[in-house]
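The structure file work.txt is reproduced below (compact mmCIF, C-alpha atoms).
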```txt
# COMPACT_ATOMS: atom_id res chain seq x y z
CA MET A 257 130.25 104.43 104.81
CA SER A 258 129.19 102.08 102.02
CA GLN A 259 127.50 99.77 104.53
CA LEU A 260 125.11 102.38 105.89
CA ASN A 261 122.45 99.78 106.67
CA GLN A 262 124.85 97.94 108.99
CA GLN A 263 125.42 101.02 111.17
CA GLN A 264 123.47 101.97 114.28
CA CYS A 265 122.05 105.38 115.16
CA GLN A 266 124.03 107.44 117.62
CA ALA A 267 122.52 109.76 120.22
CA CYS A 268 121.86 113.09 118.51
CA HIS A 269 121.71 116.31 120.55
CA ALA A 270 120.64 119.83 119.61
CA ASN A 271 124.28 120.93 119.35
CA ALA A 272 125.32 118.05 117.09
CA PRO A 273 126.59 119.34 113.75
CA GLN A 274 124.41 119.14 110.65
CA ILE A 275 125.97 117.30 107.74
CA GLU A 276 128.03 119.49 105.42
CA GLN A 277 126.79 119.88 101.85
CA SER A 278 129.75 117.97 100.36
CA GLU A 279 129.17 115.05 102.70
CA LEU A 280 125.42 115.22 101.99
CA ALA A 281 126.07 114.71 98.29
CA GLU A 282 128.14 111.61 99.03
CA LEU A 283 125.60 110.13 101.44
CA ILE A 284 122.68 110.73 99.06
CA LYS A 285 124.46 108.56 96.48
CA LEU A 286 124.29 105.64 98.89
CA ILE A 287 120.48 105.74 99.06
CA PRO A 288 119.54 106.42 95.43
CA ASP A 289 115.81 105.77 95.86
CA TRP A 290 115.41 108.63 98.36
CA SER A 291 114.79 112.29 97.64
CA SER A 292 115.96 115.17 99.76
CA VAL A 293 113.09 117.56 100.37
CA VAL A 294 112.93 120.83 102.29
CA ARG A 295 109.81 121.32 104.40
CA ASP A 296 109.33 124.32 106.68
CA GLY A 297 113.01 125.09 106.16
CA VAL A 298 114.09 121.62 107.35
CA MET A 299 115.93 119.24 105.03
CA GLN A 300 114.44 115.74 105.08
CA LEU A 301 114.85 112.39 103.31
CA GLU A 302 111.73 110.96 101.73
CA ARG A 303 110.73 107.83 99.80
CA GLU A 304 107.38 106.40 98.74
CA PHE A 305 106.96 102.63 98.92
CA LYS A 306 104.16 101.04 96.85
CA PHE A 307 101.97 98.08 97.82
CA THR A 308 98.98 96.29 96.34
CA ASN A 309 96.53 97.12 99.15
CA PHE A 310 96.10 98.89 102.47
CA LYS A 311 96.92 95.89 104.66
CA LYS A 312 100.36 95.41 103.08
CA ALA A 313 101.07 99.13 103.40
CA LEU A 314 100.19 99.04 107.10
CA ALA A 315 102.35 95.93 107.61
CA PHE A 316 105.31 97.86 106.17
CA THR A 317 104.56 100.82 108.43
CA ASN A 318 104.79 98.44 111.38
CA LYS A 319 108.10 97.00 110.21
CA VAL A 320 109.59 100.48 109.87
CA GLY A 321 108.11 101.43 113.26
CA GLU A 322 109.74 98.43 114.91
CA MET A 323 113.13 99.31 113.43
CA ALA A 324 112.65 102.94 114.52
CA GLU A 325 112.00 101.83 118.10
CA GLN A 326 115.16 99.70 118.02
CA GLN A 327 117.20 102.65 116.74
CA GLY A 328 115.58 105.18 119.07
CA HIS A 329 115.03 107.42 116.02
CA HIS A 330 111.56 107.97 114.57
CA PRO A 331 110.31 108.93 111.10
CA ALA A 332 107.02 110.28 109.84
CA LEU A 333 105.08 107.41 108.27
CA LEU A 334 102.19 108.31 105.99
CA THR A 335 100.13 105.16 105.42
CA GLU A 336 97.56 105.19 102.63
CA TRP A 337 95.85 102.58 100.44
CA GLY A 338 98.72 101.00 98.49
CA LYS A 339 101.55 103.21 99.67
CA VAL A 340 103.65 104.38 102.59
CA THR A 341 105.63 107.61 102.44
CA VAL A 342 108.58 107.48 104.86
CA THR A 343 110.29 110.71 105.91
CA TRP A 344 113.43 110.87 108.03
CA TRP A 345 114.99 113.93 109.64
CA SER A 346 116.49 114.84 112.99
CA HIS A 347 114.15 117.05 114.99
CA SER A 348 116.82 118.04 117.50
CA ILE A 349 119.09 119.63 114.89
CA LYS A 350 116.26 120.65 112.52
CA GLY A 351 117.93 118.91 109.61
CA LEU A 352 119.80 115.82 108.50
CA HIS A 353 122.17 113.80 110.68
CA GLN A 354 124.00 110.65 109.64
CA ASN A 355 121.34 108.76 111.63
CA ASP A 356 118.78 109.67 108.97
CA PHE A 357 120.85 108.11 106.21
CA ILE A 358 121.44 105.00 108.31
CA CYS A 359 117.70 104.68 108.95
CA ALA A 360 116.83 105.33 105.29
CA ALA A 361 119.17 102.49 104.27
CA LYS A 362 117.65 100.23 106.95
CA THR A 363 114.16 101.13 105.67
CA ASP A 364 115.14 100.00 102.16
CA GLN A 365 116.07 96.59 103.58
CA LEU A 366 112.54 96.15 105.01
CA ASP A 367 110.85 96.43 101.62
CA ASP A 368 110.60 92.94 100.20
CA MET B 5 72.18 110.73 112.17
CA SER B 6 73.15 111.40 115.77
CA GLN B 7 74.57 107.88 116.09
CA LEU B 8 77.10 108.21 113.31
CA ASN B 9 79.51 105.82 114.96
CA GLN B 10 76.90 103.03 114.87
CA GLN B 11 76.47 103.26 111.10
CA GLN B 12 78.38 101.25 108.50
CA CYS B 13 80.01 102.54 105.34
CA GLN B 14 78.10 101.99 102.13
CA ALA B 15 79.67 101.26 98.76
CA CYS B 16 80.63 104.60 97.21
CA HIS B 17 80.95 104.96 93.44
CA ALA B 18 82.31 107.76 91.29
CA ASN B 19 78.79 108.92 90.45
CA ALA B 20 77.62 109.01 94.07
CA PRO B 21 76.57 112.52 95.05
CA GLN B 22 78.85 114.66 97.20
CA ILE B 23 77.27 115.95 100.39
CA GLU B 24 75.47 119.28 100.01
CA GLN B 25 76.84 122.24 101.93
CA SER B 26 73.81 122.46 104.25
CA GLU B 27 74.10 118.78 105.14
CA LEU B 28 77.86 119.18 105.58
CA ALA B 29 77.31 121.83 108.23
CA GLU B 30 75.00 119.50 110.15
CA LEU B 31 77.33 116.51 109.91
CA ILE B 32 80.38 118.51 111.01
CA LYS B 33 78.53 119.38 114.24
CA LEU B 34 78.39 115.67 115.07
CA ILE B 35 82.21 115.30 115.02
CA PRO B 36 83.32 118.52 116.76
CA ASP B 37 86.97 117.50 117.13
CA TRP B 38 87.48 117.25 113.36
CA SER B 39 88.41 120.01 110.94
CA SER B 40 87.38 120.20 107.33
CA VAL B 41 90.39 120.96 105.16
CA VAL B 42 90.73 121.43 101.42
CA ARG B 43 93.79 119.83 99.84
CA ASP B 44 94.40 119.84 96.09
CA GLY B 45 90.81 121.00 95.67
CA VAL B 46 89.43 118.03 97.63
CA MET B 47 87.52 118.53 100.88
CA GLN B 48 88.73 116.23 103.65
CA LEU B 49 88.13 115.60 107.36
CA GLU B 50 91.20 115.75 109.59
CA ARG B 51 92.04 115.28 113.26
CA GLU B 52 95.33 114.99 115.16
CA PHE B 53 95.45 112.50 118.05
CA LYS B 54 98.19 112.95 120.68
CA PHE B 55 100.11 110.22 122.49
CA THR B 56 103.01 110.06 124.93
CA ASN B 57 105.40 108.17 122.64
CA PHE B 58 105.85 106.59 119.20
CA LYS B 59 104.73 103.11 120.21
CA LYS B 60 101.33 104.32 121.42
CA ALA B 61 100.88 106.40 118.27
CA LEU B 62 101.62 103.36 116.09
CA ALA B 63 99.21 101.22 118.14
CA PHE B 64 96.46 103.76 117.41
CA THR B 65 97.36 103.73 113.70
CA ASN B 66 96.83 99.97 113.76
CA LYS B 67 93.46 100.27 115.50
CA VAL B 68 92.26 102.77 112.90
CA GLY B 69 93.69 100.57 110.14
CA GLU B 70 91.77 97.56 111.42
CA MET B 71 88.51 99.52 111.50
CA ALA B 72 89.23 100.84 108.00
CA GLU B 73 89.65 97.29 106.69
CA GLN B 74 86.36 96.30 108.30
CA GLN B 75 84.59 99.26 106.68
CA GLY B 76 86.31 98.85 103.33
CA HIS B 77 87.14 102.57 103.45
CA HIS B 78 90.68 103.80 104.04
CA PRO B 79 92.12 107.01 105.47
CA ALA B 80 95.55 108.60 105.29
CA LEU B 81 97.33 107.92 108.60
CA LEU B 82 100.36 110.06 109.39
CA THR B 83 102.19 108.42 112.29
CA GLU B 84 104.86 110.46 114.09
CA TRP B 85 106.44 110.44 117.56
CA GLY B 86 103.55 111.22 119.90
CA LYS B 87 100.85 111.86 117.33
CA VAL B 88 98.74 110.45 114.53
CA THR B 89 97.00 112.68 112.00
CA VAL B 90 93.97 110.92 110.52
CA THR B 91 92.46 112.20 107.24
CA TRP B 92 89.27 110.86 105.72
CA TRP B 93 87.89 111.58 102.26
CA SER B 94 86.34 109.61 99.41
CA HIS B 95 88.77 109.22 96.54
CA SER B 96 86.08 108.04 94.12
CA ILE B 97 84.02 111.24 94.40
CA LYS B 98 87.01 113.52 95.14
CA GLY B 99 85.32 114.88 98.25
CA LEU B 100 83.28 113.99 101.30
CA HIS B 101 80.69 111.22 101.45
CA GLN B 102 78.67 110.26 104.51
CA ASN B 103 81.10 107.32 104.88
CA ASP B 104 83.82 109.79 105.89
CA PHE B 105 81.73 111.16 108.75
CA ILE B 106 80.84 107.65 109.89
CA CYS B 107 84.52 106.66 109.88
CA ALA B 108 85.57 109.88 111.64
CA ALA B 109 83.06 109.12 114.41
CA LYS B 110 84.32 105.53 114.61
CA THR B 111 87.91 106.81 114.81
CA ASP B 112 86.99 108.96 117.83
CA GLN B 113 85.75 105.84 119.60
CA LEU B 114 89.17 104.16 119.20
CA ASP B 115 91.00 106.89 121.14
CA ASP B 116 91.03 105.84 124.78
```

Could you quickly redo this structure as structure tokens?
Amino acid sequence: MSQLNQQQCQACHANAPQIEQSELAELIKLIPDWSSVVRDGVMQLEREFKFTNFKKALAFTNKVGEMAEQQGHHPALLTEWGKVTVTWWSHSIKGLHQNDFICAAKTDQLDD
Amino acid sequence: MSQLNQQQCQACHANAPQIEQSELAELIKLIPDWSSVVRDGVMQLEREFKFTNFKKALAFTNKVGEMAEQQGHHPALLTEWGKVTVTWWSHSIKGLHQNDFICAAKTDQLDD
């Protein structure tokens, strides 16, 4: 569990269980730069990444997009001048799955 | 004015005038697929573009990003699976400038 970024996303179906609150608290510790937010009743993981211009922000969006395609799991990527806000959640279960924590950890690795 | 998409953005400074309401109504008619929204007290232009997957959505984000770099004016681009929400406004005047209408019209041209 400590090597979240080395794990791969698993297929997630509508009847997959959401993460229990106790497990959530443990997983959140592993990605300390992320916040858990609730939007439209859905728990999500969110982090803002800062850059010095628009071009660098868009390049990061593309790196996260490429990883998302590889994992078959897709975030919301808000690209603006100097920043990208990345939000992960699992649409099919309307909440957080371990996949989201894996992808959050993988996103951290792309920020250099 | 009818060929908005042929115009180029002009440098916009903090003391540039915001568009008057009567002019706003005329300009909005020229980009009928866009909505004007008010967020945190700032008027913005917004349109959602639909796609059949994440990859095509991200490709559109890149096309809009390239145009934005050319114009020296940058939107917020929310990329998700199957859609991109594009939002234009002028940070320096905390509202809408003619540049935003020009860029909205140019964005429409990139959707094919």

Residues around (88.1, 105.5, 96.2), cut-off 9 Å, counting all atoms listed in the file - what are they as a ChimeraX atom specification? /B:16-18,77-78,93-98

Within 8 Å of chain A, which residues belong to chain B? Use all atoms listed in the file and report them as an MDAnalysis selection string. chainID B and resid 58:59 62 66 69 73 78:85

What would the file look like if the residues just selected were written as a PDB file, keeping the file's coordinate frame with C-alpha atoms?
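result.pdb was written with the following content:
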```
ATOM      1  CA  PHE B  58     105.850 106.590 119.200  1.00  0.00           C
ATOM      2  CA  LYS B  59     104.730 103.110 120.210  1.00  0.00           C
ATOM      3  CA  LEU B  62     101.620 103.360 116.090  1.00  0.00           C
ATOM      4  CA  ASN B  66      96.830  99.970 113.760  1.00  0.00           C
ATOM      5  CA  GLY B  69      93.690 100.570 110.140  1.00  0.00           C
ATOM      6  CA  GLU B  73      89.650  97.290 106.690  1.00  0.00           C
ATOM      7  CA  HIS B  78      90.680 103.800 104.040  1.00  0.00           C
ATOM      8  CA  PRO B  79      92.120 107.010 105.470  1.00  0.00           C
ATOM      9  CA  ALA B  80      95.550 108.600 105.290  1.00  0.00           C
ATOM     10  CA  LEU B  81      97.330 107.920 108.600  1.00  0.00           C
ATOM     11  CA  LEU B  82     100.360 110.060 109.390  1.00  0.00           C
ATOM     12  CA  THR B  83     102.190 108.420 112.290  1.00  0.00           C
ATOM     13  CA  GLU B  84     104.860 110.460 114.090  1.00  0.00           C
ATOM     14  CA  TRP B  85     106.440 110.440 117.560  1.00  0.00           C
TER      15      TRP B  85
END
```

All Cα atoms, paired in order, least squares: that's the fit I need for chain A onto chain B, output as a compact mmCIF listing (two decimals) with C-alpha atoms, in the coordinates of the input.
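Output file part20.txt follows:
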```
# COMPACT_ATOMS: atom_id res chain seq x y z
CA MET A 257 72.15 110.71 112.16
CA SER A 258 73.13 111.39 115.77
CA GLN A 259 74.55 107.88 116.10
CA LEU A 260 77.08 108.22 113.30
CA ASN A 261 79.51 105.82 114.96
CA GLN A 262 76.89 103.05 114.90
CA GLN A 263 76.47 103.26 111.11
CA GLN A 264 78.37 101.24 108.52
CA CYS A 265 80.01 102.53 105.34
CA GLN A 266 78.10 102.00 102.13
CA ALA A 267 79.68 101.26 98.76
CA CYS A 268 80.65 104.60 97.22
CA HIS A 269 80.97 104.95 93.43
CA ALA A 270 82.33 107.76 91.28
CA ASN A 271 78.79 108.91 90.44
CA ALA A 272 77.62 109.01 94.06
CA PRO A 273 76.58 112.52 95.05
CA GLN A 274 78.85 114.68 97.20
CA ILE A 275 77.27 115.96 100.38
CA GLU A 276 75.46 119.28 100.01
CA GLN A 277 76.86 122.24 101.94
CA SER A 278 73.82 122.46 104.25
CA GLU A 279 74.09 118.79 105.14
CA LEU A 280 77.87 119.17 105.57
CA ALA A 281 77.32 121.82 108.23
CA GLU A 282 75.00 119.50 110.14
CA LEU A 283 77.33 116.51 109.91
CA ILE A 284 80.37 118.53 111.01
CA LYS A 285 78.53 119.37 114.24
CA LEU A 286 78.40 115.67 115.07
CA ILE A 287 82.19 115.31 115.02
CA PRO A 288 83.32 118.52 116.75
CA ASP A 289 86.97 117.50 117.13
CA TRP A 290 87.49 117.25 113.36
CA SER A 291 88.41 120.01 110.94
CA SER A 292 87.38 120.19 107.33
CA VAL A 293 90.39 120.96 105.17
CA VAL A 294 90.72 121.43 101.42
CA ARG A 295 93.79 119.84 99.85
CA ASP A 296 94.41 119.84 96.10
CA GLY A 297 90.82 121.00 95.68
CA VAL A 298 89.44 118.02 97.65
CA MET A 299 87.52 118.53 100.88
CA GLN A 300 88.74 116.24 103.66
CA LEU A 301 88.14 115.61 107.37
CA GLU A 302 91.20 115.75 109.58
CA ARG A 303 92.04 115.28 113.27
CA GLU A 304 95.31 114.99 115.17
CA PHE A 305 95.44 112.51 118.04
CA LYS A 306 98.19 112.96 120.67
CA PHE A 307 100.12 110.22 122.49
CA THR A 308 103.02 110.06 124.91
CA ASN A 309 105.42 108.18 122.62
CA PHE A 310 105.85 106.61 119.20
CA LYS A 311 104.73 103.11 120.18
CA LYS A 312 101.33 104.32 121.41
CA ALA A 313 100.88 106.40 118.26
CA LEU A 314 101.62 103.36 116.08
CA ALA A 315 99.22 101.22 118.14
CA PHE A 316 96.46 103.76 117.40
CA THR A 317 97.35 103.73 113.71
CA ASN A 318 96.83 99.97 113.76
CA LYS A 319 93.47 100.26 115.49
CA VAL A 320 92.26 102.77 112.91
CA GLY A 321 93.68 100.57 110.13
CA GLU A 322 91.77 97.55 111.41
CA MET A 323 88.51 99.51 111.51
CA ALA A 324 89.22 100.84 108.00
CA GLU A 325 89.65 97.29 106.69
CA GLN A 326 86.35 96.29 108.30
CA GLN A 327 84.58 99.25 106.70
CA GLY A 328 86.30 98.85 103.33
CA HIS A 329 87.13 102.58 103.46
CA HIS A 330 90.68 103.79 104.04
CA PRO A 331 92.12 107.02 105.47
CA ALA A 332 95.55 108.59 105.30
CA LEU A 333 97.33 107.93 108.60
CA LEU A 334 100.36 110.06 109.39
CA THR A 335 102.20 108.43 112.30
CA GLU A 336 104.86 110.45 114.09
CA TRP A 337 106.45 110.45 117.55
CA GLY A 338 103.55 111.23 119.89
CA LYS A 339 100.85 111.87 117.32
CA VAL A 340 98.73 110.44 114.53
CA THR A 341 97.01 112.68 112.01
CA VAL A 342 93.97 110.92 110.51
CA THR A 343 92.47 112.20 107.26
CA TRP A 344 89.27 110.86 105.72
CA TRP A 345 87.89 111.58 102.26
CA SER A 346 86.34 109.61 99.43
CA HIS A 347 88.76 109.21 96.54
CA SER A 348 86.08 108.04 94.12
CA ILE A 349 84.03 111.24 94.39
CA LYS A 350 87.02 113.52 95.15
CA GLY A 351 85.33 114.87 98.25
CA LEU A 352 83.28 113.99 101.30
CA HIS A 353 80.68 111.22 101.46
CA GLN A 354 78.66 110.25 104.52
CA ASN A 355 81.10 107.33 104.88
CA ASP A 356 83.82 109.79 105.89
CA PHE A 357 81.74 111.16 108.74
CA ILE A 358 80.84 107.65 109.88
CA CYS A 359 84.52 106.67 109.87
CA ALA A 360 85.57 109.88 111.64
CA ALA A 361 83.07 109.12 114.42
CA LYS A 362 84.31 105.52 114.61
CA THR A 363 87.91 106.81 114.81
CA ASP A 364 86.97 108.96 117.83
CA GLN A 365 85.74 105.83 119.61
CA LEU A 366 89.17 104.17 119.20
CA ASP A 367 91.00 106.88 121.13
CA ASP A 368 91.04 105.84 124.76
```

Spatial neighbours of Val41 in chain B, max dist 12 Å, all atoms listed in the file, sep filter under 2 positions, as a ChimeraX atom specification: /B:32,38-39,43-51,90-93,99-100

Rounded to one decimal in Å, what is the spacing between CA of Thr56 in chain B and CA of Asn261 in chain A?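 Rounded to one decimal, the two atoms are 28.6 Å apart.
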
Work out how far CA of Gln259 in chain A is from CA of Cys359 in chain A, in Å to one decimal.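 Separation of CA of Cys359 in chain A and CA of Gln259 in chain A: 11.8 Å.
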
Please, what distance in Å, to one decimal, runs between CA of Gln75 in chain B and CA of Ile35 in chain B?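 That distance, rounded to one decimal, is 18.2 Å.
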
Kindly provide, as an MDAnalysis selection string, the polymer residues lying within 10 Å of (76.9, 115.1, 102.2), counting all atoms listed in the file and using the coordinates exactly as they appear in the file. chainID B and resid 21:31 99:105

Centre and edge lengths, as JSON, for the axis-aligned box enclosing every listed atom of range 29-32 of chain B with 6 Å of padding on each of the six sides, in Å to one decimal?
```
{"center_x": 77.7, "center_y": 119.2, "center_z": 109.6, "size_x": 17.4, "size_y": 17.3, "size_z": 14.8}
```

Would you mind putting N, CA, C and O atoms back on range 47-60 of chain B and writing the result as a PDB file, keeping the file's coordinate frame?
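Saved to out-v7.pdb:
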```pdb
ATOM      1  N   MET B  47      87.863 118.323  99.472  1.00  0.00           N
ATOM      2  CA  MET B  47      87.520 118.530 100.880  1.00  0.00           C
ATOM      3  C   MET B  47      87.751 117.231 101.661  1.00  0.00           C
ATOM      4  O   MET B  47      87.399 116.142 101.199  1.00  0.00           O
ATOM      5  N   GLN B  48      88.369 117.380 102.820  1.00  0.00           N
ATOM      6  CA  GLN B  48      88.730 116.230 103.650  1.00  0.00           C
ATOM      7  C   GLN B  48      88.418 116.524 105.115  1.00  0.00           C
ATOM      8  O   GLN B  48      88.315 117.687 105.504  1.00  0.00           O
ATOM      9  N   LEU B  49      88.299 115.474 105.911  1.00  0.00           N
ATOM     10  CA  LEU B  49      88.130 115.600 107.360  1.00  0.00           C
ATOM     11  C   LEU B  49      89.450 115.212 108.023  1.00  0.00           C
ATOM     12  O   LEU B  49      90.018 114.178 107.688  1.00  0.00           O
ATOM     13  N   GLU B  50      89.900 116.023 108.974  1.00  0.00           N
ATOM     14  CA  GLU B  50      91.200 115.750 109.590  1.00  0.00           C
ATOM     15  C   GLU B  50      91.192 115.988 111.092  1.00  0.00           C
ATOM     16  O   GLU B  50      90.576 116.935 111.579  1.00  0.00           O
ATOM     17  N   ARG B  51      91.872 115.105 111.809  1.00  0.00           N
ATOM     18  CA  ARG B  51      92.040 115.280 113.260  1.00  0.00           C
ATOM     19  C   ARG B  51      93.394 114.721 113.677  1.00  0.00           C
ATOM     20  O   ARG B  51      93.823 113.683 113.197  1.00  0.00           O
ATOM     21  N   GLU B  52      94.054 115.440 114.598  1.00  0.00           N
ATOM     22  CA  GLU B  52      95.330 114.990 115.160  1.00  0.00           C
ATOM     23  C   GLU B  52      95.066 114.383 116.525  1.00  0.00           C
ATOM     24  O   GLU B  52      94.397 115.005 117.358  1.00  0.00           O
ATOM     25  N   PHE B  53      95.567 113.190 116.758  1.00  0.00           N
ATOM     26  CA  PHE B  53      95.450 112.500 118.050  1.00  0.00           C
ATOM     27  C   PHE B  53      96.827 112.470 118.702  1.00  0.00           C
ATOM     28  O   PHE B  53      97.802 112.106 118.058  1.00  0.00           O
ATOM     29  N   LYS B  54      96.897 112.867 119.989  1.00  0.00           N
ATOM     30  CA  LYS B  54      98.190 112.950 120.680  1.00  0.00           C
ATOM     31  C   LYS B  54      98.451 111.727 121.559  1.00  0.00           C
ATOM     32  O   LYS B  54      97.507 111.206 122.177  1.00  0.00           O
ATOM     33  N   PHE B  55      99.695 111.356 121.670  1.00  0.00           N
ATOM     34  CA  PHE B  55     100.110 110.220 122.490  1.00  0.00           C
ATOM     35  C   PHE B  55     101.426 110.564 123.189  1.00  0.00           C
ATOM     36  O   PHE B  55     102.061 111.552 122.846  1.00  0.00           O
ATOM     37  N   THR B  56     101.814 109.730 124.153  1.00  0.00           N
ATOM     38  CA  THR B  56     103.010 110.060 124.930  1.00  0.00           C
ATOM     39  C   THR B  56     104.300 109.486 124.333  1.00  0.00           C
ATOM     40  O   THR B  56     105.390 109.767 124.843  1.00  0.00           O
ATOM     41  N   ASN B  57     104.193 108.682 123.295  1.00  0.00           N
ATOM     42  CA  ASN B  57     105.400 108.170 122.640  1.00  0.00           C
ATOM     43  C   ASN B  57     105.063 107.655 121.234  1.00  0.00           C
ATOM     44  O   ASN B  57     103.916 107.777 120.773  1.00  0.00           O
ATOM     45  N   PHE B  58     106.050 107.091 120.570  1.00  0.00           N
ATOM     46  CA  PHE B  58     105.850 106.590 119.200  1.00  0.00           C
ATOM     47  C   PHE B  58     105.049 105.301 119.195  1.00  0.00           C
ATOM     48  O   PHE B  58     104.172 105.101 118.348  1.00  0.00           O
ATOM     49  N   LYS B  59     105.362 104.435 120.159  1.00  0.00           N
ATOM     50  CA  LYS B  59     104.730 103.110 120.210  1.00  0.00           C
ATOM     51  C   LYS B  59     103.209 103.227 120.348  1.00  0.00           C
ATOM     52  O   LYS B  59     102.456 102.506 119.679  1.00  0.00           O
ATOM     53  N   LYS B  60     102.772 104.138 121.227  1.00  0.00           N
ATOM     54  CA  LYS B  60     101.330 104.320 121.420  1.00  0.00           C
ATOM     55  C   LYS B  60     100.676 104.939 120.176  1.00  0.00           C
ATOM     56  O   LYS B  60      99.534 104.620 119.838  1.00  0.00           O
TER      57      LYS B  60
END
```
